[in-house]
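Structure data follow from model_16.cif (mmCIF, C-alpha atoms):
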```cif
data_model
#
loop_
_atom_site.label_atom_id
_atom_site.label_comp_id
_atom_site.auth_asym_id
_atom_site.auth_seq_id
_atom_site.Cartn_x
_atom_site.Cartn_y
_atom_site.Cartn_z
CA MET A 1 0.00 0.00 0.00
CA LYS A 2 2.86 2.35 0.87
CA ARG A 3 4.46 1.67 -2.51
CA ILE A 4 1.25 2.59 -4.37
CA SER A 5 0.91 5.80 -2.36
CA LEU A 6 4.53 6.70 -3.09
CA MET A 7 4.00 6.06 -6.80
CA LEU A 8 0.91 8.34 -6.88
CA VAL A 9 2.77 11.13 -5.07
CA VAL A 10 5.70 10.95 -7.51
CA LEU A 11 3.31 11.00 -10.49
CA ALA A 12 1.48 14.05 -9.12
CA LEU A 13 4.77 15.89 -8.59
CA LEU A 14 5.85 15.16 -12.17
CA LEU A 15 2.61 16.50 -13.66
CA ALA A 16 1.97 19.41 -11.29
CA PRO A 17 4.64 21.86 -12.59
CA SER A 18 3.36 21.79 -16.18
CA LEU A 19 -0.34 21.69 -15.35
CA GLY A 20 -0.50 24.34 -12.67
CA SER A 21 2.24 26.85 -13.26
CA ALA A 22 2.38 30.05 -15.24
CA ASN A 23 4.08 30.23 -18.61
CA PRO A 24 6.77 32.94 -18.49
CA ASN A 25 8.00 31.80 -21.90
CA GLY A 26 4.56 32.15 -23.48
CA VAL A 27 2.03 29.64 -24.72
CA GLY A 28 2.27 30.36 -28.44
CA SER A 29 -0.48 31.45 -30.81
CA GLY A 30 -3.93 30.02 -30.25
CA THR A 31 -7.66 30.63 -29.97
CA PHE A 32 -8.31 31.88 -26.44
CA ASP A 33 -11.00 33.74 -24.50
CA ALA A 34 -10.14 36.86 -22.51
CA GLN A 35 -10.09 34.73 -19.34
CA CYS A 36 -6.92 33.11 -20.67
CA GLY A 37 -5.24 36.45 -20.02
CA GLY A 38 -5.06 35.14 -16.48
CA ALA A 39 -5.68 31.41 -16.69
CA CYS A 40 -2.93 30.75 -19.24
CA HIS A 41 -0.34 32.55 -17.16
CA GLY A 42 -1.42 31.94 -13.60
CA ASP A 43 -4.41 32.77 -11.40
CA ALA A 44 -6.59 35.40 -13.12
CA ASP A 45 -7.47 36.90 -9.72
CA MET A 46 -3.79 37.75 -9.19
CA ASN A 47 -3.48 39.89 -12.31
CA ARG A 48 -2.16 43.41 -12.03
CA SER A 49 -3.24 46.27 -14.31
CA SER A 50 -0.91 47.13 -17.17
CA THR A 51 -0.17 50.80 -17.77
CA ALA A 52 0.06 50.22 -21.54
CA SER A 53 -2.57 51.72 -23.84
CA VAL A 54 -4.56 49.32 -26.08
CA VAL A 55 -6.45 50.63 -29.13
CA VAL A 56 -8.49 48.70 -31.72
CA ASN A 57 -8.60 50.21 -35.22
CA ALA A 58 -11.19 48.99 -37.74
CA PRO A 59 -13.19 50.42 -40.66
CA SER A 60 -16.56 51.84 -39.71
CA VAL A 61 -18.26 49.85 -42.49
CA ALA A 62 -17.79 46.23 -43.61
CA TYR A 63 -19.79 44.02 -45.95
CA GLU A 64 -21.32 40.73 -44.87
CA GLY A 65 -19.09 37.77 -45.75
CA LEU A 66 -16.33 39.95 -47.25
CA LEU A 67 -12.84 40.56 -45.94
CA THR A 68 -11.76 43.47 -43.80
CA SER A 69 -8.67 44.42 -41.83
CA VAL A 70 -8.47 45.16 -38.10
CA SER A 71 -5.40 46.20 -36.12
CA VAL A 72 -4.54 46.42 -32.43
CA THR A 73 -1.91 48.96 -31.37
CA VAL A 74 -0.30 48.85 -27.95
CA SER A 75 1.66 51.91 -26.85
CA ASP A 76 3.58 52.80 -23.67
CA ILE A 77 4.71 49.18 -23.56
CA GLU A 78 6.36 48.00 -20.37
CA THR A 79 9.55 46.06 -21.04
CA THR A 80 9.40 42.53 -19.61
CA SER A 81 12.13 40.09 -18.67
CA THR A 82 11.41 37.91 -21.73
CA GLY A 83 10.17 40.66 -24.07
CA LEU A 84 6.98 38.68 -24.72
CA LEU A 85 3.70 40.52 -25.13
CA GLY A 86 0.44 38.67 -25.76
CA PHE A 87 -2.32 40.22 -27.93
CA PHE A 88 -5.97 39.10 -27.81
CA LEU A 89 -8.56 40.14 -30.44
CA LEU A 90 -12.01 39.64 -28.85
CA SER A 91 -15.70 40.17 -29.49
CA ASP A 92 -16.23 41.30 -25.88
CA LEU A 93 -14.48 41.16 -22.52
CA SER A 94 -16.78 38.76 -20.69
CA GLY A 95 -14.09 36.13 -20.31
CA ALA A 96 -16.10 33.33 -21.95
CA ASP A 97 -17.34 32.78 -25.51
CA ASP A 98 -15.77 36.09 -26.47
CA THR A 99 -13.48 35.18 -29.39
CA PRO A 100 -14.27 36.82 -32.75
CA ALA A 101 -15.57 33.43 -33.97
CA ASP A 102 -18.18 33.48 -31.18
CA ALA A 103 -19.61 36.65 -32.77
CA GLY A 104 -19.55 35.30 -36.33
CA TRP A 105 -16.18 36.64 -37.50
CA THR A 106 -13.72 34.36 -39.31
CA ILE A 107 -9.99 35.08 -38.94
CA LEU A 108 -8.04 34.34 -42.10
CA SER A 109 -4.61 35.65 -41.13
CA ASN A 110 -2.67 37.87 -38.76
CA SER A 111 0.59 39.77 -39.06
CA GLU A 112 2.40 37.31 -36.79
CA GLY A 113 2.07 34.54 -39.37
CA GLY A 114 -1.01 32.64 -38.17
CA SER A 115 -4.79 32.69 -38.17
CA GLU A 116 -5.53 32.81 -34.42
CA ASN A 117 -7.10 35.52 -32.25
CA TYR A 118 -4.21 35.34 -29.74
CA VAL A 119 -0.63 35.99 -30.80
CA GLU A 120 2.64 36.73 -29.04
CA ALA A 121 5.25 39.25 -30.13
CA VAL A 122 8.77 39.78 -28.85
CA ILE A 123 9.24 43.44 -28.00
CA ALA A 124 12.78 44.77 -28.22
CA SER A 125 14.20 46.63 -25.24
CA GLY A 126 13.26 50.29 -25.50
CA GLN A 127 10.44 49.67 -28.02
CA THR A 128 7.28 51.40 -26.78
CA GLU A 129 4.73 50.58 -29.50
CA HIS A 130 3.71 47.52 -31.51
CA THR A 131 0.80 46.80 -33.88
CA VAL A 132 -0.72 43.47 -34.87
CA HIS A 133 -3.03 43.19 -37.91
CA TRP A 134 -5.81 40.68 -38.49
CA THR A 135 -7.70 39.94 -41.71
CA LEU A 136 -11.23 38.79 -41.00
CA ARG A 137 -14.38 37.80 -42.85
CA ALA A 138 -17.29 39.94 -41.65
CA PRO A 139 -20.27 38.39 -39.81
CA SER A 140 -23.98 38.80 -40.53
CA VAL A 141 -25.58 42.19 -41.13
CA GLY A 142 -25.81 44.33 -38.02
CA THR A 143 -23.61 46.28 -35.61
CA ALA A 144 -20.51 44.39 -34.49
CA THR A 145 -17.89 45.28 -31.92
CA LEU A 146 -14.30 44.16 -31.47
CA HIS A 147 -12.21 44.55 -28.33
CA ALA A 148 -8.58 43.79 -27.54
CA SER A 149 -6.56 42.90 -24.49
CA ILE A 150 -2.92 42.23 -23.66
CA HIS A 151 -1.00 40.14 -21.15
CA HIS A 152 2.62 40.31 -20.11
CA GLY A 153 5.03 39.62 -17.28
CA SER A 154 7.05 42.01 -15.16
CA GLU A 155 10.47 43.47 -15.85
CA ASP A 156 12.32 41.17 -13.45
CA GLY A 157 9.99 38.19 -13.88
CA SER A 158 9.14 38.02 -10.17
CA GLU A 159 5.81 39.84 -10.03
CA ALA A 160 2.25 38.73 -10.79
CA PRO A 161 1.22 38.93 -14.47
CA PHE A 162 -0.15 42.16 -15.94
CA PHE A 163 -3.41 42.48 -17.89
CA GLY A 164 -4.72 45.37 -19.98
CA ALA A 165 -7.70 45.97 -22.29
CA SER A 166 -8.97 48.49 -24.80
CA ALA A 167 -10.82 51.37 -23.17
CA SER A 168 -13.49 51.27 -25.89
CA PRO A 169 -14.30 48.79 -28.67
CA ALA A 170 -14.21 49.33 -32.41
CA THR A 171 -17.77 49.48 -33.73
CA ILE A 172 -18.39 48.20 -37.26
CA ASP A 173 -21.57 48.60 -39.28
CA VAL A 174 -21.89 45.34 -41.25
CA ARG A 175 -24.01 45.86 -44.37
CA GLU A 176 -25.40 43.75 -47.15
CA VAL A 177 -23.14 43.45 -50.19
CA PRO A 178 -24.20 45.72 -53.12
CA GLU A 179 -25.07 43.54 -56.08
CA ASP A 180 -22.42 44.90 -58.46
CA LEU A 181 -19.62 45.41 -55.92
CA PRO A 182 -16.28 44.08 -57.26
CA ARG A 183 -15.12 41.52 -54.70
CA LEU A 184 -13.30 38.30 -53.98
CA ALA A 185 -15.40 35.15 -54.00
CA ALA A 186 -16.96 34.31 -50.64
CA ASP A 187 -14.97 31.08 -50.30
CA PHE A 188 -11.53 32.56 -51.08
CA GLU A 189 -8.94 31.98 -48.35
CA PRO A 190 -5.39 33.31 -48.82
CA PRO A 191 -2.42 31.12 -47.84
CA VAL A 192 -0.78 32.24 -44.59
CA ARG A 193 2.43 30.13 -44.43
CA ARG A 194 5.03 28.70 -46.77
CA ASP A 195 8.53 27.23 -46.56
CA ILE A 196 11.67 29.26 -47.24
CA GLY A 197 12.74 29.08 -50.91
CA GLU A 198 9.24 28.29 -52.09
CA ALA A 199 7.56 30.56 -54.66
CA THR A 200 3.79 30.90 -54.29
CA THR A 201 1.20 30.99 -57.06
CA ILE A 202 -2.20 32.28 -55.98
CA THR A 203 -5.47 32.02 -57.87
CA LEU A 204 -8.05 34.69 -57.07
CA ALA A 205 -11.70 33.80 -57.50
CA THR A 206 -13.73 36.99 -57.95
CA GLU A 207 -17.23 38.32 -58.59
CA HIS A 208 -18.20 41.33 -60.73
CA VAL A 209 -14.52 42.08 -61.47
CA ASN A 210 -13.23 43.18 -64.89
CA GLN A 211 -9.62 43.97 -63.99
CA VAL A 212 -7.22 43.00 -61.19
CA ALA A 213 -3.92 44.50 -60.06
CA VAL A 214 -1.81 43.01 -57.26
CA GLU A 215 0.71 44.79 -55.06
CA TRP A 216 3.15 43.08 -52.68
CA ARG A 217 5.87 44.06 -50.24
CA VAL A 218 8.08 42.67 -47.55
CA SER A 219 6.39 43.79 -44.35
CA GLY A 220 6.86 47.56 -44.08
CA GLY A 221 9.02 47.73 -47.21
CA GLU A 222 8.72 49.10 -50.74
CA VAL A 223 5.58 48.20 -52.72
CA ASN A 224 6.03 46.08 -55.86
CA THR A 225 3.60 45.05 -58.59
CA ALA A 226 2.92 41.44 -59.55
CA THR A 227 1.98 40.27 -63.03
CA VAL A 228 -1.65 39.12 -63.11
CA ALA A 229 -3.12 36.82 -65.78
CA THR A 230 -6.66 35.53 -66.30
CA SER A 231 -7.17 31.92 -65.29
CA GLY A 232 -10.65 31.07 -66.50
CA GLU A 233 -13.96 32.76 -65.85
CA ASN A 234 -13.86 35.07 -62.80
CA ALA A 235 -10.38 33.78 -61.92
CA TRP A 236 -7.01 35.51 -61.89
CA GLU A 237 -3.53 34.15 -61.21
CA PHE A 238 -0.29 35.72 -60.01
CA ALA A 239 2.98 34.61 -58.41
CA LEU A 240 4.80 35.86 -55.32
CA PRO A 241 8.61 35.41 -55.24
CA ALA A 242 10.35 32.98 -52.91
CA SER A 243 12.06 34.18 -49.72
CA LEU A 244 15.59 33.12 -48.77
CA GLN A 245 15.09 33.72 -45.04
CA PRO A 246 12.22 33.83 -42.53
CA VAL A 247 10.25 36.92 -43.49
CA GLN A 248 6.69 38.08 -43.82
CA LEU A 249 5.43 39.11 -47.24
CA GLU A 250 2.21 41.12 -47.65
CA TRP A 251 0.00 41.48 -50.71
CA ARG A 252 -3.31 43.03 -51.72
CA ALA A 253 -5.55 43.12 -54.77
CA LEU A 254 -7.08 46.17 -56.46
CA LEU A 255 -10.41 45.16 -58.01
CA GLU A 256 -12.16 47.09 -60.79
CA GLY A 257 -15.66 46.48 -62.10
CA GLU A 258 -18.98 48.11 -62.79
CA GLY A 259 -19.46 49.02 -59.13
CA PRO A 260 -17.12 51.13 -56.98
CA ASP A 261 -13.48 49.97 -57.14
CA GLN A 262 -12.37 47.96 -54.13
CA THR A 263 -8.99 47.30 -52.51
CA THR A 264 -8.59 44.20 -50.37
CA PRO A 265 -6.82 44.26 -47.00
CA TRP A 266 -3.13 43.46 -46.93
CA PHE A 267 -2.82 39.68 -46.65
CA GLN A 268 0.14 38.25 -44.74
CA LEU A 269 2.21 35.31 -46.00
CA GLN A 270 4.87 34.05 -43.58
CA SER A 271 8.00 32.30 -44.91
CA GLU A 272 9.58 30.03 -42.31
CA GLU A 273 11.81 27.04 -41.80
CA PRO A 274 10.02 23.67 -41.96
CA SER A 275 8.89 23.11 -38.38
CA TRP A 276 8.13 20.18 -36.17
CA SER A 277 5.69 20.11 -33.30
CA VAL A 278 5.41 18.21 -30.03
CA ASP A 279 2.21 16.45 -29.02
CA GLU A 280 1.88 17.34 -25.33
CA THR A 281 -0.50 14.43 -24.64
CA ALA A 282 1.97 11.98 -26.15
CA ALA A 283 4.76 13.54 -24.06
CA TYR A 284 2.73 13.10 -20.86
CA VAL A 285 1.90 9.48 -21.75
CA GLN A 286 5.55 8.77 -22.52
CA SER A 287 6.61 10.34 -19.21
CA MET A 288 4.12 8.23 -17.26
CA ALA A 289 5.23 5.10 -19.14
CA MET A 290 8.86 5.82 -18.21
CA LEU A 291 7.78 6.36 -14.60
CA PHE A 292 6.03 2.99 -14.49
CA VAL A 293 9.06 1.29 -16.07
CA PHE A 294 11.29 2.86 -13.42
CA ILE A 295 8.95 1.78 -10.62
CA ALA A 296 8.70 -1.76 -12.03
CA ALA A 297 12.50 -1.99 -12.27
CA PHE A 298 12.85 -0.68 -8.71
CA LEU A 299 10.34 -3.21 -7.34
CA SER A 300 12.02 -6.01 -9.30
CA LEU A 301 15.41 -5.14 -7.82
CA GLN A 302 13.86 -4.94 -4.38
CA ARG A 303 12.35 -8.43 -4.79
CA GLN A 304 15.68 -9.79 -5.99
CA SER A 305 17.42 -8.19 -3.03
CA THR A 306 14.86 -9.71 -0.63
CA ALA A 307 15.19 -13.13 -2.26
CA THR A 308 18.99 -12.96 -2.06
CA ALA A 309 18.82 -12.03 1.59
CA LYS A 310 16.51 -14.99 2.30
CA ASP A 311 18.81 -17.39 0.41
CA PHE A 312 21.82 -16.10 2.32
CA ALA A 313 19.98 -16.51 5.63
CA ALA A 314 18.98 -20.07 4.69
CA PHE A 315 22.54 -20.91 3.64
CA ASP A 316 23.91 -19.48 6.85
CA SER A 317 21.40 -21.51 8.87
CA ASP A 318 22.40 -24.73 7.05
CA LYS A 319 26.07 -24.09 7.85
CA HIS A 320 25.28 -23.65 11.50
CA GLU A 321 23.35 -26.90 11.55
CA GLU A 322 26.28 -28.78 9.89
CA VAL A 323 28.72 -27.44 12.45
CA ALA A 324 26.43 -28.46 15.24
#
```
Structure translated into structure tokens:
Amino acid sequence: MKRISLMLVVLALLLAPSLGSANPNGVGSGTFDAQCGGACHGDADMNRSSTASVVVNAPSVAYEGLLTSVSVTVSDIETTSTGLLGFFLLSDLSGADDTPADAGWTILSNSEGGSENYVEAVIASGQTEHTVHWTLRAPSVGTATLHASIHHGSEDGSEAPFFGASASPATIDVREVPEDLPRLAADFEPPVRRDIGEATTITLATEHVNQVAVEWRVSGGEVNTATVATSGENAWEFALPASLQPVQLEWRALLEGEGPDQTTPWFQLQSEEPSWSVDETAAYVQSMAMLFVFIAAFLSLQRQSTATAKDFAAFDSDKHEEVA
């Protein structure tokens, strides 16, 4: 019984640090509610208020089912020990069911190279402002709001985590799409990642479009023009050059037709080294399996030791009897 209790205690100690602790090195991009601003990094009730300013910028008008761009700018950033700053894009600040998807938005990409509502950025020492962009597909007709929040550690890494939120949301009037509005097809989804050294050919499916021009740039750099060719009815094709190092490339399309000309948001395409990922569940299972193997080996050695001791005692007893 004591052995079983000891085994359970050891197992709990092995799992407790990863299941219950904060994550000073971040949790990576993901889809999280506002509550994760505390729960992912420790007890939410222990959060301290960040002095940074959080502002959500979005167009006042969007069209149902079409793409639009939203950005979150954080200024007066407090430098942390790791430099990590977490950004949440949210539909409200209730702490539950408050991701953009819960309000009908669909995130296609963000400027950190993913398609999640939570991203982490490394802020250089002395940097006081950072902006993250999201490209989203608008929800149903009506008035929509988007909020933002941030989460970060302290400068020396010893204090409770800090949490901050936008003082006011961005309010967007989502309208029905005008019949002749030049636009991308409703099911178009831009690629968000590619490997280094890989050129990318993109086919645009459009509606009510007579002419397309495409501009691209390395994030924040000079704007270039891509060659666009027709690729069947209501389809256009263009190529983006390969990158020789991890870098983010942005592109947008200028659409002309019978209705008012439209310009798409800047879409982000991240070039990165081929990556590998770790399955945390598999890692836990493997750790427990190794623990059981260790315990089994320990018990086996203990049995062998006990058996050897008994044999030695029996042998010693036989010798005494022979002498007698």
query = Which residues, written as a PyMOL selection string, have at least one atom at most 7 Å from stretch 203-212 of chain A, with all atoms listed in the file counted and residues fewer than 6 positions away on the same chain left out?
reply = chain A and resi 180-185+188+234-238+253-257
key: Spatial sel., origin (14.4, 43.3, -23.3), limit 8 Å, all atoms listed in the file, listed as a ChimeraX atom specification   = /A:79-83,123-126
ask   = Any chance you could work out the residue set of the PyMOL selection byres ((chain A and resi 163) around 9) here, as a PyMOL selection string?
value = chain A and resi 37-38+47-51+149-153+161-162+164-165
task = Expand the PyMOL selection byres ((chain A and resi 34) around 9) into the individual residues it matches in the shown file, reporting them as a list in words.
result =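 Evaluating the PyMOL selection byres ((chain A and resi 34) around 9) on these coordinates yields Phe32, Asp33, Gln35, Cys36, Gly37, Gly38, Phe88, Leu89, Leu90, Asp92, Leu93, Ser94, Gly95, Ala96, Asp97, Asp98, Thr99, Ala148 and Ser149 of chain A.
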Dump of C-alpha atoms for the selected residues, as a PDB file, in the coordinates of the input:
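Ended up saving to part_7.pdb:
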```pdb
ATOM      1  CA  PHE A  32      -8.310  31.880 -26.440  1.00  0.00           C
ATOM      2  CA  ASP A  33     -11.000  33.740 -24.500  1.00  0.00           C
ATOM      3  CA  GLN A  35     -10.090  34.730 -19.340  1.00  0.00           C
ATOM      4  CA  CYS A  36      -6.920  33.110 -20.670  1.00  0.00           C
ATOM      5  CA  GLY A  37      -5.240  36.450 -20.020  1.00  0.00           C
ATOM      6  CA  GLY A  38      -5.060  35.140 -16.480  1.00  0.00           C
ATOM      7  CA  PHE A  88      -5.970  39.100 -27.810  1.00  0.00           C
ATOM      8  CA  LEU A  89      -8.560  40.140 -30.440  1.00  0.00           C
ATOM      9  CA  LEU A  90     -12.010  39.640 -28.850  1.00  0.00           C
ATOM     10  CA  ASP A  92     -16.230  41.300 -25.880  1.00  0.00           C
ATOM     11  CA  LEU A  93     -14.480  41.160 -22.520  1.00  0.00           C
ATOM     12  CA  SER A  94     -16.780  38.760 -20.690  1.00  0.00           C
ATOM     13  CA  GLY A  95     -14.090  36.130 -20.310  1.00  0.00           C
ATOM     14  CA  ALA A  96     -16.100  33.330 -21.950  1.00  0.00           C
ATOM     15  CA  ASP A  97     -17.340  32.780 -25.510  1.00  0.00           C
ATOM     16  CA  ASP A  98     -15.770  36.090 -26.470  1.00  0.00           C
ATOM     17  CA  THR A  99     -13.480  35.180 -29.390  1.00  0.00           C
ATOM     18  CA  ALA A 148      -8.580  43.790 -27.540  1.00  0.00           C
ATOM     19  CA  SER A 149      -6.560  42.900 -24.490  1.00  0.00           C
TER      20      SER A 149
END
```
Contacts of A:Glu215 at 6 Å (all atoms listed in the file; same-chain gap of 6+ positions) as a PyMOL selection string = chain A and resi 224-225+251-252
task = Rounded to one decimal place, report the atom CA of A:Val214-atom CA of A:Pro178 distance in Å.
result = 22.9 Å
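Protein and nucleic acid residues near (-16.1, 49.7, -34.0) are A:Ala58, A:Ser60, A:Ala144, A:Thr145, A:Leu146, A:Pro169, A:Ala170, A:Thr171, A:Ile172, the criterion being any atom at most 7 Å away using all atoms listed in the file.
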key: Distance criterion (only C-alpha atoms): nearest to A:Glu176 out of A:Pro241, A:Gly86, A:Gly65, A:Pro100   =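 The answer is A:Gly65, which sits nearest to A:Glu176.
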Answer key for the PyMOL selection byres ((chain A and resi 57) around 8), residues as a ChimeraX atom specification = /A:55-56,58-59,70-73,170
task = Go through A:Ala167, A:Leu84, A:Ala103, A:Thr230 and flag the residue nearest A:Ser154, using only C-alpha atoms for the distances.
result = A:Leu84
